[in-house]
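These notes concern the structure reproduced below.
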Amino acid sequence: MLRSLFPLLIVIAAWALEPPTGIVAIVVSKKGGDDAIPGGSAVIIARDGSAITLAEAIPAGKDVTVALSGGRRRSAQVLARDPETTAVLLRIADVPADVLPVECADSQRLRVLDPVWTAGNSAGAIEHDGSAALSLGVVSGLYDIPLGAPPARGRSGHELSAYRGSAIETDAAINDGNEGGALLDSAGRLVGLVSRGQLRERRLPIVIPLTRILAALGLPSATTAPSGGGERLRHTAERVSPSVALIYFERPNGLGNPPGTPRPPRTVAEASEVDRDRVTAWWEMYRHQQQIFFTDQAVTAIAVGDDLLLTAGSNLHGDAERGALLLASGNIPCSVIAQDLPLDLALVRCERPHGLPHAEFAVTAAELGQRVLLIGRHRNEQGWTATLGTISATERRLLQSRLAFLQTDARANYGSLGGPLVNDLGHVVGLCVKMGPIGDYPWLINSGVALAVDSVRISAALAVLRQGTTTKSPPILGLGVVLRERNQRMVIESVTAKTGAEKAGIQIGDEIVTVDQTKVASRNAISRILLRHKPGDTIQVEIRRGKEILTLGVELKEFRP
């Protein structure tokens with residue numbers, strides 16, 4: 001494990017950066033009071049106090065207050081606003097000599113996987129702690145947000161940003177207070193301003209390129225080249241990216257909301273004072289589910305045969321059967337031929353050979369702590385995207401199933417489903433599948449980790465999928481009973497024939513008290529205990545039958561309920 005971590009430690013050490021003093025905080029006062037709350041950020045770019053930020057970071061009006069490094073406050077005047085880029089030019093009064101402007105670099109020369117930093121007033125860092133908060137990441141994508149793209153929304157359904165146009169995507173952390181702050185190259189030069197905006201199908205943070213902001217505000221362009229540094233990672237990604245493709249599936253359920261949360265019949269403004277809280281909560285849930293269940297997008301897949309592609313089963317939303325492979329040379333009709341539902345895999349056949357090189361799978365299992373890239377396709381004509389992370393767990397399991405998933409902290413979201421995890425050799429070690437908590441809603445917005453099927457299991461599953469055979473449920477390791485939870489009591493509702501429970505004499509109505517000498521109060525607790533064992537093991541199960549306590553030896557078996 002240490003050997004796999006070593007290259008990553010070298011890279012991180014090379015990316016050390018001091019917080020620039022030219023990153024400042026926008027101070028926003030509470031309505032009707034004097035207490036200040038953390039606001040957005042701005043970046044000083046000249047000795048005369050000229051600074052740039054975004055409209056989403058500052059209140060309306062001509063004058064704002066900013067907090068400099070060390071918590072010192074100054075007044076600032078709004079000199080210009082550009083509605084297309086949402087850029088704002090400020091002039092900060094009386095900037096101290098120790099607050100240095102941030103050098104600018106040409107954002108047009110950035111490349112995917114170059115190391116970058118976000119720097120800003122995250123959670124009030126500049127106001128409270130005196131310096132900008134930094135977060136390390138890479139340029140994860142370079143693409144356009146189309147003029148007609150539907151907005152991504154945040155809390156309470158608020159639109160995050162009105163910006164449309166060329167965007168820099170990053171996997172560095174962006175939080176409240178970062179908006180209007182800096183995206184810096186590894187030498188600390190400014191290459192863009194951080195936005196709260198996102199492309200709805202990607203759901204990863206975007207940055208507005210500095211080149212476009214300077215031009216919009218009539219400021220001199222930056223000519224210095226960014227420091228780069230992503231060459232080795234790009235070489236790795238480019239070994240597998242030709243095997244990564246986009247598919248558009250025909251989903252009968254289409255774009256929209258699940259039946260459970262219909263569109264509210266009126267707005268909050270139309271509601272009476274008595275109903276306002278209820279209508280607000282209704283709209284918030286409606287907007288939230290609009291984001292979660294957004295489906296009208298192309299998805300990522302990898303080539304596993306001359307006419308075969310593999311993707312995540314979640315991309316089908318349960319009912320998609322046909323689609324088209326999107327290629328620059330023309331679309332190829334395709335159809336789903338088989339699924340492995342336990343592993344969340346779907347095999348797709350094209351009507352003719354697609355011409356893509358086959359992905360090369362790693363022959364050994366991924367290791368904990370191993371560095372990986374998560375590769376995706378986004379708008380096929382604009383190339384691939386990539387986020388950087390590690391294998392953060394190797395034995396994530398579905399309740400009583402012995403099937404284990406990899407977990408990665410490489411930033412993933414909607415557009416990453418079906419994308420490959422790639423090791424330093426350019427071999428696929430896993431395929432990104434379930435995004436959120438394990439359960440009925442694998443498309444929940446990502447919380448920082450994602451699950452993947454490892455290459456060894458993929459190879460085994462492909463042998464079955466190629467035959468057109470769908471696997472609907474996994475074998476589970478269990479006692480052989482169906483339980484009903486009643487007031488934290490585990491009562492046996494039925495006993496499965498030819499299992500350890502039947503052989504041991506367990507009966508309907510018995511209450512399980514302990515399993516393997518551990519007191520249990522939920523089905524999940526029992527499942528976790530059983531997964532510490534293997535088929536053929538005999539474990540002690542203590543049951544209550546009426547007033548009698550019995551201890552029985554139950555042999556564990558794998559079976560399909």
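Starting from 1 in every chain, residues are counted up; chains themselves are A, B, ... following the order of the structure tokens, and ligands are numbered from 1 as listed.
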Taking 5 positions as the minimum chain separation for residues in the same chain, which residues sit within 12 Å of Pro220 (chain A) when counting only C-alpha atoms? Answer as a PyMOL selection string.
chain A and resi 45-46+104-106+210-215
Might you pull out every residue within 7 Å of Ser166 (chain A), with only C-alpha atoms counted and same-chain residues fewer than 3 positions away left off, and present them as a list in words?
Tyr143, Asp144 and Ile145 of chain A
Please dump the current selection as a compact mmCIF listing (two decimals), in the first residue's frame; keep N, CA and C atoms.
# COMPACT_ATOMS: atom_id res chain seq x y z
N TYR A 143 -14.95 22.75 -20.92
CA TYR A 143 -16.09 22.62 -21.83
C TYR A 143 -16.93 23.88 -21.80
N ASP A 144 -17.95 23.91 -22.64
CA ASP A 144 -18.88 25.04 -22.70
C ASP A 144 -20.18 24.69 -21.98
N ILE A 145 -20.74 25.67 -21.28
CA ILE A 145 -22.11 25.56 -20.79
C ILE A 145 -22.99 26.23 -21.83
Residue contacts of Ala76 (chain A) (12 Å, only C-alpha atoms) excluding same-chain residues fewer than 6 positions away, as a short mmCIF file (atom, residue, chain, number, x, y, z; two decimals) with N, CA, C and O atoms, in the first residue's frame:
data_model
loop_
_atom_site.label_atom_id
_atom_site.label_comp_id
_atom_site.auth_asym_id
_atom_site.auth_seq_id
_atom_site.Cartn_x
_atom_site.Cartn_y
_atom_site.Cartn_z
N VAL A 24 -9.42 38.63 -1.04
CA VAL A 24 -10.13 39.37 0.00
C VAL A 24 -11.55 38.83 0.12
O VAL A 24 -12.06 38.14 -0.77
N ALA A 25 -12.20 39.17 1.22
CA ALA A 25 -13.58 38.73 1.48
C ALA A 25 -14.54 39.90 1.29
O ALA A 25 -14.23 41.04 1.63
N ILE A 26 -15.70 39.60 0.73
CA ILE A 26 -16.80 40.57 0.66
C ILE A 26 -17.59 40.47 1.95
O ILE A 26 -18.07 39.39 2.31
N VAL A 27 -17.73 41.57 2.66
CA VAL A 27 -18.45 41.57 3.93
C VAL A 27 -19.91 41.92 3.66
O VAL A 27 -20.22 42.94 3.05
N ALA A 42 -13.14 38.21 -3.50
CA ALA A 42 -12.67 39.00 -4.64
C ALA A 42 -11.15 38.85 -4.70
O ALA A 42 -10.51 38.43 -3.73
N ILE A 44 -7.56 40.88 -5.78
CA ILE A 44 -6.86 42.11 -6.16
C ILE A 44 -5.86 41.77 -7.27
O ILE A 44 -5.04 40.86 -7.13
N ASP A 48 -3.19 49.50 -7.62
CA ASP A 48 -4.11 50.60 -7.33
C ASP A 48 -5.39 50.12 -6.64
O ASP A 48 -6.32 50.90 -6.44
N GLY A 49 -5.45 48.86 -6.26
CA GLY A 49 -6.62 48.33 -5.57
C GLY A 49 -7.68 47.75 -6.49
O GLY A 49 -8.76 47.37 -6.02
N SER A 50 -7.41 47.68 -7.79
CA SER A 50 -8.36 47.07 -8.72
C SER A 50 -8.52 45.59 -8.36
O SER A 50 -7.54 44.87 -8.15
N ALA A 51 -9.77 45.18 -8.29
CA ALA A 51 -10.07 43.79 -7.92
C ALA A 51 -11.22 43.29 -8.76
O ALA A 51 -12.05 44.08 -9.24
N ILE A 52 -11.28 42.00 -8.96
CA ILE A 52 -12.37 41.41 -9.73
C ILE A 52 -13.08 40.35 -8.91
O ILE A 52 -12.50 39.69 -8.04
N THR A 53 -14.38 40.21 -9.17
CA THR A 53 -15.21 39.22 -8.49
C THR A 53 -16.38 38.89 -9.40
O THR A 53 -16.40 39.29 -10.58
N ILE A 58 -21.44 39.48 -4.43
CA ILE A 58 -21.59 40.80 -3.81
C ILE A 58 -23.06 41.22 -3.82
O ILE A 58 -23.84 40.80 -4.68
N GLY A 61 -25.81 47.19 -5.64
CA GLY A 61 -25.43 48.53 -5.20
C GLY A 61 -24.04 48.89 -5.67
O GLY A 61 -23.36 48.12 -6.35
N LYS A 62 -23.60 50.08 -5.28
CA LYS A 62 -22.32 50.61 -5.75
C LYS A 62 -21.17 50.42 -4.78
O LYS A 62 -20.02 50.43 -5.16
N ASP A 63 -21.47 50.27 -3.51
CA ASP A 63 -20.41 50.24 -2.51
C ASP A 63 -20.48 48.95 -1.69
O ASP A 63 -21.57 48.48 -1.34
N VAL A 64 -19.32 48.40 -1.41
CA VAL A 64 -19.23 47.20 -0.58
C VAL A 64 -18.07 47.38 0.40
O VAL A 64 -17.21 48.25 0.23
N THR A 65 -18.05 46.54 1.42
CA THR A 65 -16.94 46.49 2.37
C THR A 65 -16.21 45.18 2.17
O THR A 65 -16.83 44.12 1.98
N VAL A 66 -14.88 45.23 2.17
CA VAL A 66 -14.09 44.02 2.01
C VAL A 66 -13.20 43.83 3.23
O VAL A 66 -12.83 44.80 3.91
N ALA A 67 -12.88 42.57 3.52
CA ALA A 67 -11.93 42.23 4.58
C ALA A 67 -10.65 41.74 3.93
O ALA A 67 -10.66 40.80 3.13
N LEU A 68 -9.53 42.38 4.25
CA LEU A 68 -8.23 41.99 3.72
C LEU A 68 -7.60 40.94 4.61
O LEU A 68 -8.14 40.58 5.67
N VAL A 88 -17.47 41.46 -12.12
CA VAL A 88 -17.59 42.78 -11.50
C VAL A 88 -16.18 43.32 -11.23
O VAL A 88 -15.32 42.60 -10.72
N LEU A 89 -15.96 44.59 -11.59
CA LEU A 89 -14.70 45.27 -11.32
C LEU A 89 -14.86 46.18 -10.12
O LEU A 89 -15.78 47.00 -10.07
N LEU A 90 -13.98 46.03 -9.13
CA LEU A 90 -14.01 46.84 -7.91
C LEU A 90 -12.75 47.70 -7.83
O LEU A 90 -11.72 47.37 -8.42
N ARG A 91 -12.82 48.78 -7.05
CA ARG A 91 -11.65 49.56 -6.67
C ARG A 91 -11.66 49.65 -5.15
O ARG A 91 -12.56 50.23 -4.55
N ILE A 92 -10.66 49.03 -4.52
CA ILE A 92 -10.56 48.99 -3.07
C ILE A 92 -9.69 50.15 -2.61
O ILE A 92 -8.58 50.37 -3.13
N ALA A 93 -10.17 50.90 -1.64
CA ALA A 93 -9.45 52.09 -1.16
C ALA A 93 -8.35 51.72 -0.17
O ALA A 93 -8.53 50.81 0.65
N ASP A 94 -7.22 52.46 -0.28
CA ASP A 94 -6.17 52.40 0.73
C ASP A 94 -5.70 50.98 1.02
O ASP A 94 -5.71 50.52 2.17
N VAL A 95 -5.25 50.28 -0.01
CA VAL A 95 -4.76 48.92 0.18
C VAL A 95 -3.37 48.97 0.81
O VAL A 95 -2.47 49.62 0.28
#
Would you please extract all helix (DSSP H, G or I) residues from region 438-533 of chain A, as assigned by DSSP on the backbone, and give them as a ChimeraX atom specification?
/A:455-465,500-504,523-530
Select from region 441-545 of chain A everything DSSP, run on the backbone, classes as strand (DSSP E or B), then give the selection as JSON, numbers by chain.
{"A": [450, 451, 452, 453, 454, 471, 476, 477, 478, 481, 482, 483, 484, 485, 486, 489, 490, 491, 492, 493, 494, 495, 511, 512, 513, 514, 515, 518, 519, 538, 539, 540, 541, 542, 543, 544, 545]}
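Using only C-alpha atoms, the residues found no farther than 10 Å from Gly509 (chain A), other than those of its own chain fewer than 5 positions away, are Leu483, Arg484, Met490, Val491, Ile492, Glu493, Ser494, Arg544, Arg545 and Gly546 of chain A.
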